[in-house]
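Student: My structure is below; once you've seen it, I'll send some questions.
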2 protein chains.
Amino acid sequence: MPQRKIRNVKSQTAKPTLELSAANALTTVDVYAHIYEAVLDHRLPPGTKLKEVPLSELFGVTRGTIRKAFSQLAAMKIIELRPNRGAMVASPSLQESRDLFAARRTIESSIVDALARRITKVQVSQLRALVKQEDIAYRRGEMRTALKLSVDFHRVLASMAGNSVLVGLLDQLISRTPLVVLAYRDPAQTNECANRDHAELIAALEAKDADRAIVAMKCHLCNLEGKLDLRDATPVNELSAIFGLGAPRAPSVSSAR
Amino acid sequence: MPQRKIRNVKSQTAKPTLELSAANALTTVDVYAHIYEAVLDHRLPPGTKLKEVPLSELFGVTRGTIRKAFSQLAAMKIIELRPNRGAMVASPSLQESRDLFAARRTIESSIVDALARRITKVQVSQLRALVKQEDIAYRRGEMRTALKLSVDFHRVLASMAGNSVLVGLLDQLISRTPLVVLAYRDPAQTNECANRDHAELIAALEAKDADRAIVAMKCHLCNLEGKLDLRDATPVNELSAIFGLGAPRAPSVSSAR
DNA sequence: TGAGTTGATTTTGTGCACAATTTGTCGCAA
DNA sequence: TTGCGACAAATTGTGCACAAAATCAACTCA
């Protein structure tokens with residue numbers, strides 16, 4: 001939703017005034033994506049304090065950019081923003097996790113219910129293709145890709161159902177889900193199950209059996225939720241390592257203090 | 001080297017331009033509320049361009065405050081924010097309106113379903129009290145208050161159901177609903193119906209009859225949606241009149257010195 | 001020895017000035 | 001008269017510097 005693709009017209013004079021990092025000028029959406037990915041990958045465990053200045057230096061952007069990314073991340077409940085006290089990675093409670101899954105069951109049941117009545121053969125094929133890619137990624141051990149595809153499956157499902165408002169709401173829930181899931185369990189095991197569940201769901205949709213599709217979806221989400229379990233998380237605070245970036249500006253200043 | 005003697009408030013750089021710690025210093029949330037209310041009251045019809053400078057002068061805040069309020073309003077879909085082209089009041093399409101109501105039916109059905117099983121006598125009383133206030137407001141012709149109470153009813157219902165995530169989602173939908181409704185019809189008529197619907201819903205909840213409550217809720221929402229009809233809206237652009245504030249620049253604010 | 005307080009440092013918040021983009025208008029030519 | 005282009009005005013976007021708040025540390029006093 002925060003879509004701002006601009007800032008790429010460097011046709012005029014090439015600004016000789018410093019600003020060497022203009023080549024890879026990151027925007028708000030880039031920062032948003034980097035932080036989001038880092039959260040999903042557990043590189044930034046829940047509770048981690050996110051300071052503006054270190055991040056701005058790391059990404060080579062101004063504090064304002066970081067700040068805007070923060071507010072968007074906070075809107076998605078990925079991070080928590082406390083006045084005058086900075087930002088930290090959200091630590092969803094177990095209760096919140098359960099509520100999140102309950103909300104997804106409600107919305108996604110409604111989605112597959114509607115979709116079962118209107119789905120076309122072409123759409124079935126598209127979904128099958130998606131699941132196939134998902135499966136391939138699993139077999140290759142590319143868990144990051146697989147997780148992403150698994151999430152995309154739900155997004156595509158929603159958009160096929162044709163209710164743009166529900167798509168928007170589900171998108172928020174989907175964004176928060178990995179934070180909740182990864183906070184409590186190992187992602188590797190879930191994905192395989194997800195893959196099988198997705199196949200069953202498609203079969204139900206193809207048969208235009210709404211009730212069966214709803215059951216399949218609820219079952220799928222319950223499978224995910226049922227595996228929630230408390231785990232410990234080791235806090236890491238070295239941003240450069242977390243984001244896999246080198247020294248932001250001057251290499252010799254990489255002491256980062 | 002920067003051994004600046006801090007702790008000295010506004011003595012170094014003498015800000016000659018009023019400003020001072022005015023008693024009525026508006027914050028981001030105030031601006032948000034003002035604009036939101038103005039949109040709901042039809043003082044800012046859909047499509048109205050919202051310029052930063054006039055608004056900042058009107059409210060006596062900086063452009064940054066306006067900008068922050070804008071981004072929050074945009075997150076709620078109250079306004080639309082286009083890069084380099086400013087903000088305008090959202091103009092939800094008829095399709096989007098229908099999707100919105102469909103989404104509310106989904107979520108609120110789930111809410112009353114859950115609530116029917118867990119509602120207490122105290123909660124029933126609270127809901128009845130709310131509806132009574134609502135009714136009183138209607139009879140007095142205080143439509144603004146009545147609409148607010150009517151909206152609150154749904155919020156309270158959601159929070160009673162106990163799913164915080166669904167509360168958050170529904171809050172977004174509720175915020176957008178008036179924009180959609182008021183864009184297409186006269187608010188006076190709806191409210192009376194809403195009042196009766198609310199009473200029926202409470203009765204169903206009190207009887208712990210989930211199915212009946214769901215039907216009542218869906219019926220209630222369908223009543224609202226069924227009355228949608230295209231209407232014209234007269235654009236008004238005089239901000240001072242719209243917001244009911246005096247001169248934009250520096251009115252009697254100087255008296256606060 | 002410990003708790004409370006005071007001062008300094010770090011971190012966040014905000015206003016302002018300038019830059020970039022868009023929009024409106026006027027002139028010129030076909 | 002109309003279409004196109006360039007210039008000018010208005011509006012939004014952004015970086016920077018300063019202000020306020022909070023955190024941290026040391027020190028005093030009981």
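Starting from 1 in every chain, residues are counted up; chains themselves are A, B, ... following the order of the structure tokens, and ligands are numbered from 1 as listed.
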Compute the chain C side of the contact with chain B at 12 Å, counting only C-alpha atoms (C1' of nucleotides), and hand it back as an MDAnalysis selection string.
Tutor: chainID C and resid 7:9 13:16 20:23
Student: Which residues of chain B come within 10 Å of chain A, and for each one, what is the closest pair of atoms and their distance in Å to one decimal, counting only C-alpha atoms, sorted by chain and residue number, as a tab-separated table?
Tutor:
```
residue	atom	partner	partner_atom	distance
B:Lys68	CA	A:Lys68	CA	9.3
B:Ser71	CA	A:Gln72	CA	8.9
B:Gln72	CA	A:Ala75	CA	8.5
B:Ala74	CA	A:Pro2	CA	9.8
B:Ala75	CA	A:Ala75	CA	7.6
B:Met76	CA	A:Ala75	CA	9.7
B:Arg82	CA	A:Arg4	CA	8.6
B:Pro83	CA	A:Arg4	CA	6.8
B:Asn84	CA	A:Ile6	CA	9.4
B:Gln95	CA	A:Asn163	CA	8.9
B:Glu96	CA	A:Ser164	CA	7.0
B:Ser97	CA	A:Val165	CA	8.9
B:Arg98	CA	A:Asn163	CA	8.7
B:Asp99	CA	A:Asn163	CA	5.4
B:Leu100	CA	A:Val165	CA	5.8
B:Phe101	CA	A:Val165	CA	9.1
B:Ala102	CA	A:Asn163	CA	8.1
B:Ala103	CA	A:Leu166	CA	5.9
B:Arg104	CA	A:Leu166	CA	9.3
B:Arg105	CA	A:Ser110	CA	9.9
B:Thr106	CA	A:Ser110	CA	6.7
B:Ile107	CA	A:Thr106	CA	6.9
B:Glu108	CA	A:Thr106	CA	9.9
B:Ser109	CA	A:Thr106	CA	9.3
B:Ser110	CA	A:Thr106	CA	6.7
B:Ile111	CA	A:Thr106	CA	9.5
B:Gly162	CA	A:Asp99	CA	8.5
B:Asn163	CA	A:Asp99	CA	5.4
B:Ser164	CA	A:Asp99	CA	6.6
B:Val165	CA	A:Leu100	CA	5.8
B:Leu166	CA	A:Ala103	CA	5.9
B:Val167	CA	A:Ala103	CA	9.6
B:Gly168	CA	A:Leu169	CA	10.0
B:Leu169	CA	A:Leu169	CA	6.8
B:Leu170	CA	A:Leu169	CA	9.4
B:Gln172	CA	A:Leu169	CA	8.9
B:Leu173	CA	A:Val165	CA	8.6
```
Student: Excluding stretch 27-30 of chain D and its own-chain neighbours fewer than 4 positions away, which residues fall within 12 Å of it when counting only C-alpha atoms (C1' of nucleotides)? Please give them as an mmCIF file with N, CA and C atoms (P, O5', C5', C4', C3', O3' and C1' of nucleotides), in the first residue's frame.
Tutor:
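New file around_1.cif:
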```
data_model
loop_
_atom_site.group_PDB
_atom_site.id
_atom_site.type_symbol
_atom_site.label_atom_id
_atom_site.label_comp_id
_atom_site.auth_asym_id
_atom_site.auth_seq_id
_atom_site.Cartn_x
_atom_site.Cartn_y
_atom_site.Cartn_z
ATOM 1 P P DT C 1 29.740 -2.157 50.831
ATOM 2 O "O5'" DT C 1 28.195 -1.791 50.786
ATOM 3 C "C5'" DT C 1 27.402 -2.070 51.954
ATOM 4 C "C4'" DT C 1 26.108 -1.313 51.822
ATOM 5 C "C3'" DT C 1 25.595 -1.193 50.376
ATOM 6 O "O3'" DT C 1 24.198 -1.476 50.364
ATOM 7 C "C1'" DT C 1 25.633 0.918 51.378
ATOM 8 P P DG C 2 23.543 -2.090 49.038
ATOM 9 O "O5'" DG C 2 22.199 -1.244 48.940
ATOM 10 C "C5'" DG C 2 21.561 -0.822 50.149
ATOM 11 C "C4'" DG C 2 20.838 0.485 49.909
ATOM 12 C "C3'" DG C 2 20.294 0.659 48.482
ATOM 13 O "O3'" DG C 2 18.999 1.237 48.545
ATOM 14 C "C1'" DG C 2 21.652 2.488 49.029
ATOM 15 P P DA C 3 17.920 0.795 47.491
ATOM 16 O "O5'" DA C 3 16.985 2.085 47.466
ATOM 17 C "C5'" DA C 3 16.717 2.762 48.701
ATOM 18 C "C4'" DA C 3 16.773 4.257 48.486
ATOM 19 C "C3'" DA C 3 16.104 4.735 47.189
ATOM 20 O "O3'" DA C 3 15.273 5.858 47.474
ATOM 21 C "C1'" DA C 3 18.300 5.576 47.306
ATOM 22 P P DG C 4 14.122 6.297 46.541
ATOM 23 O "O5'" DG C 4 14.400 7.853 46.349
ATOM 24 C "C5'" DG C 4 14.792 8.648 47.488
ATOM 25 C "C4'" DG C 4 15.637 9.819 47.010
ATOM 26 C "C3'" DG C 4 15.081 10.519 45.764
ATOM 27 O "O3'" DG C 4 15.048 11.913 45.998
ATOM 28 C "C1'" DG C 4 17.350 9.929 45.418
ATOM 29 P P DT C 5 14.305 12.908 45.059
ATOM 30 O "O5'" DT C 5 15.512 13.784 44.512
ATOM 31 C "C5'" DT C 5 16.603 14.100 45.380
ATOM 32 C "C4'" DT C 5 17.765 14.645 44.556
ATOM 33 C "C3'" DT C 5 17.366 15.435 43.313
ATOM 34 O "O3'" DT C 5 18.153 16.606 43.211
ATOM 35 C "C1'" DT C 5 18.873 13.762 42.707
ATOM 36 P P DT C 6 17.674 17.900 42.396
ATOM 37 O "O5'" DT C 6 19.049 18.492 41.834
ATOM 38 C "C5'" DT C 6 20.291 18.102 42.441
ATOM 39 C "C4'" DT C 6 21.329 17.857 41.357
ATOM 40 C "C3'" DT C 6 21.132 18.683 40.079
ATOM 41 O "O3'" DT C 6 22.359 19.275 39.700
ATOM 42 C "C1'" DT C 6 21.379 16.409 39.538
ATOM 43 P P DG C 7 22.368 20.523 38.691
ATOM 44 O "O5'" DG C 7 23.341 19.994 37.550
ATOM 45 C "C5'" DG C 7 24.604 19.450 37.908
ATOM 46 C "C4'" DG C 7 25.089 18.483 36.837
ATOM 47 C "C3'" DG C 7 25.094 19.050 35.411
ATOM 48 O "O3'" DG C 7 26.324 18.708 34.783
ATOM 49 C "C1'" DG C 7 23.914 17.015 35.448
#
```
Student: Taking only residues of chain D that have an atom at most 12 Å from an atom of chain B, what is each one's shortest atom pair and its distance in Å to one decimal, using only C-alpha atoms (C1' of nucleotides), in chain and number order, as a Markdown table?
Tutor:
```
| residue | atom | partner | partner_atom | distance |
| --- | --- | --- | --- | --- |
| D:DA10 | C1' | B:Lys51 | CA | 10.7 |
| D:DT11 | C1' | B:Lys51 | CA | 7.9 |
| D:DT12 | C1' | B:Asn84 | CA | 5.3 |
| D:DG13 | C1' | B:Asn84 | CA | 7.3 |
| D:DT14 | C1' | B:Gly64 | CA | 11.6 |
| D:DC18 | C1' | B:Thr13 | CA | 10.0 |
| D:DA19 | C1' | B:Val9 | CA | 8.5 |
| D:DA20 | C1' | B:Val9 | CA | 9.7 |
| D:DA21 | C1' | B:Arg7 | CA | 11.8 |
```
Student: Record the distance separating atom CA of A:Leu224 and atom CA of B:Ala116, expressed in Å with one decimal.
Tutor: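 These atoms are spaced 26.7 Å apart.
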Student: Provide the atom CA of B:Val151 to atom CA of A:Ile78 distance in Å, to one decimal place.
Tutor: 27.9 Å
Student: To one decimal in Å, tell me the separation between atom CA of A:Thr28 and atom CA of B:Ser56.
Tutor: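 Between these atoms lies a distance of 24.2 Å.
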Student: Would you mind writing down, as a list in words, each residue of stretch 12-93 of chain B that DSSP on the backbone assigns to strand (DSSP E)?
Tutor: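 Across stretch 12-93 of chain B, those assigned strand (DSSP E) are Lys49, Leu50, Ile79, Glu80, Leu81, Arg82, Gly86, Ala87, Met88 and Val89 of chain B.
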Student: As a VMD selection string, please: the residues near C:DC26 (cut-off 12 Å, only C-alpha atoms (C1' of nucleotides), same-chain neighbours under 6 positions excluded).
Tutor: chain D and resid 5 to 8
Student: Take the residues just selected and output them with N, CA and C atoms (P, O5', C5', C4', C3', O3' and C1' of nucleotides) as an mmCIF file, in the first residue's frame.
Tutor:
```cif
data_model
loop_
_atom_site.group_PDB
_atom_site.id
_atom_site.type_symbol
_atom_site.label_atom_id
_atom_site.label_comp_id
_atom_site.auth_asym_id
_atom_site.auth_seq_id
_atom_site.Cartn_x
_atom_site.Cartn_y
_atom_site.Cartn_z
ATOM 1 P P DG D 5 6.058 20.523 -28.977
ATOM 2 O "O5'" DG D 5 6.828 21.729 -28.292
ATOM 3 C "C5'" DG D 5 7.223 22.846 -29.069
ATOM 4 C "C4'" DG D 5 7.526 24.019 -28.158
ATOM 5 C "C3'" DG D 5 8.279 23.643 -26.876
ATOM 6 O "O3'" DG D 5 9.381 24.517 -26.702
ATOM 7 C "C1'" DG D 5 6.353 24.912 -26.357
ATOM 8 P P DA D 6 10.610 24.125 -25.783
ATOM 9 O "O5'" DA D 6 10.865 25.482 -25.004
ATOM 10 C "C5'" DA D 6 10.586 26.712 -25.649
ATOM 11 C "C4'" DA D 6 10.056 27.717 -24.643
ATOM 12 C "C3'" DA D 6 10.773 27.678 -23.277
ATOM 13 O "O3'" DA D 6 11.071 29.003 -22.864
ATOM 14 C "C1'" DA D 6 8.438 27.537 -22.974
ATOM 15 P P DC D 7 12.250 29.264 -21.814
ATOM 16 O "O5'" DC D 7 11.596 30.353 -20.857
ATOM 17 C "C5'" DC D 7 10.739 31.365 -21.411
ATOM 18 C "C4'" DC D 7 9.594 31.656 -20.442
ATOM 19 C "C3'" DC D 7 10.028 31.859 -18.979
ATOM 20 O "O3'" DC D 7 9.480 33.079 -18.497
ATOM 21 C "C1'" DC D 7 8.227 30.350 -19.093
ATOM 22 P P DA D 8 10.021 33.700 -17.126
ATOM 23 O "O5'" DA D 8 8.761 33.539 -16.178
ATOM 24 C "C5'" DA D 8 7.484 34.003 -16.623
ATOM 25 C "C4'" DA D 8 6.400 33.590 -15.632
ATOM 26 C "C3'" DA D 8 6.768 33.789 -14.161
ATOM 27 O "O3'" DA D 8 5.630 34.266 -13.453
ATOM 28 C "C1'" DA D 8 6.235 31.527 -14.529
#
```
Student: Which residue gives the smallest distance to B:Ser93 among B:Ile214, B:Gly47, B:Leu157, B:Glu206, with only C-alpha atoms counted?
Tutor: B:Gly47
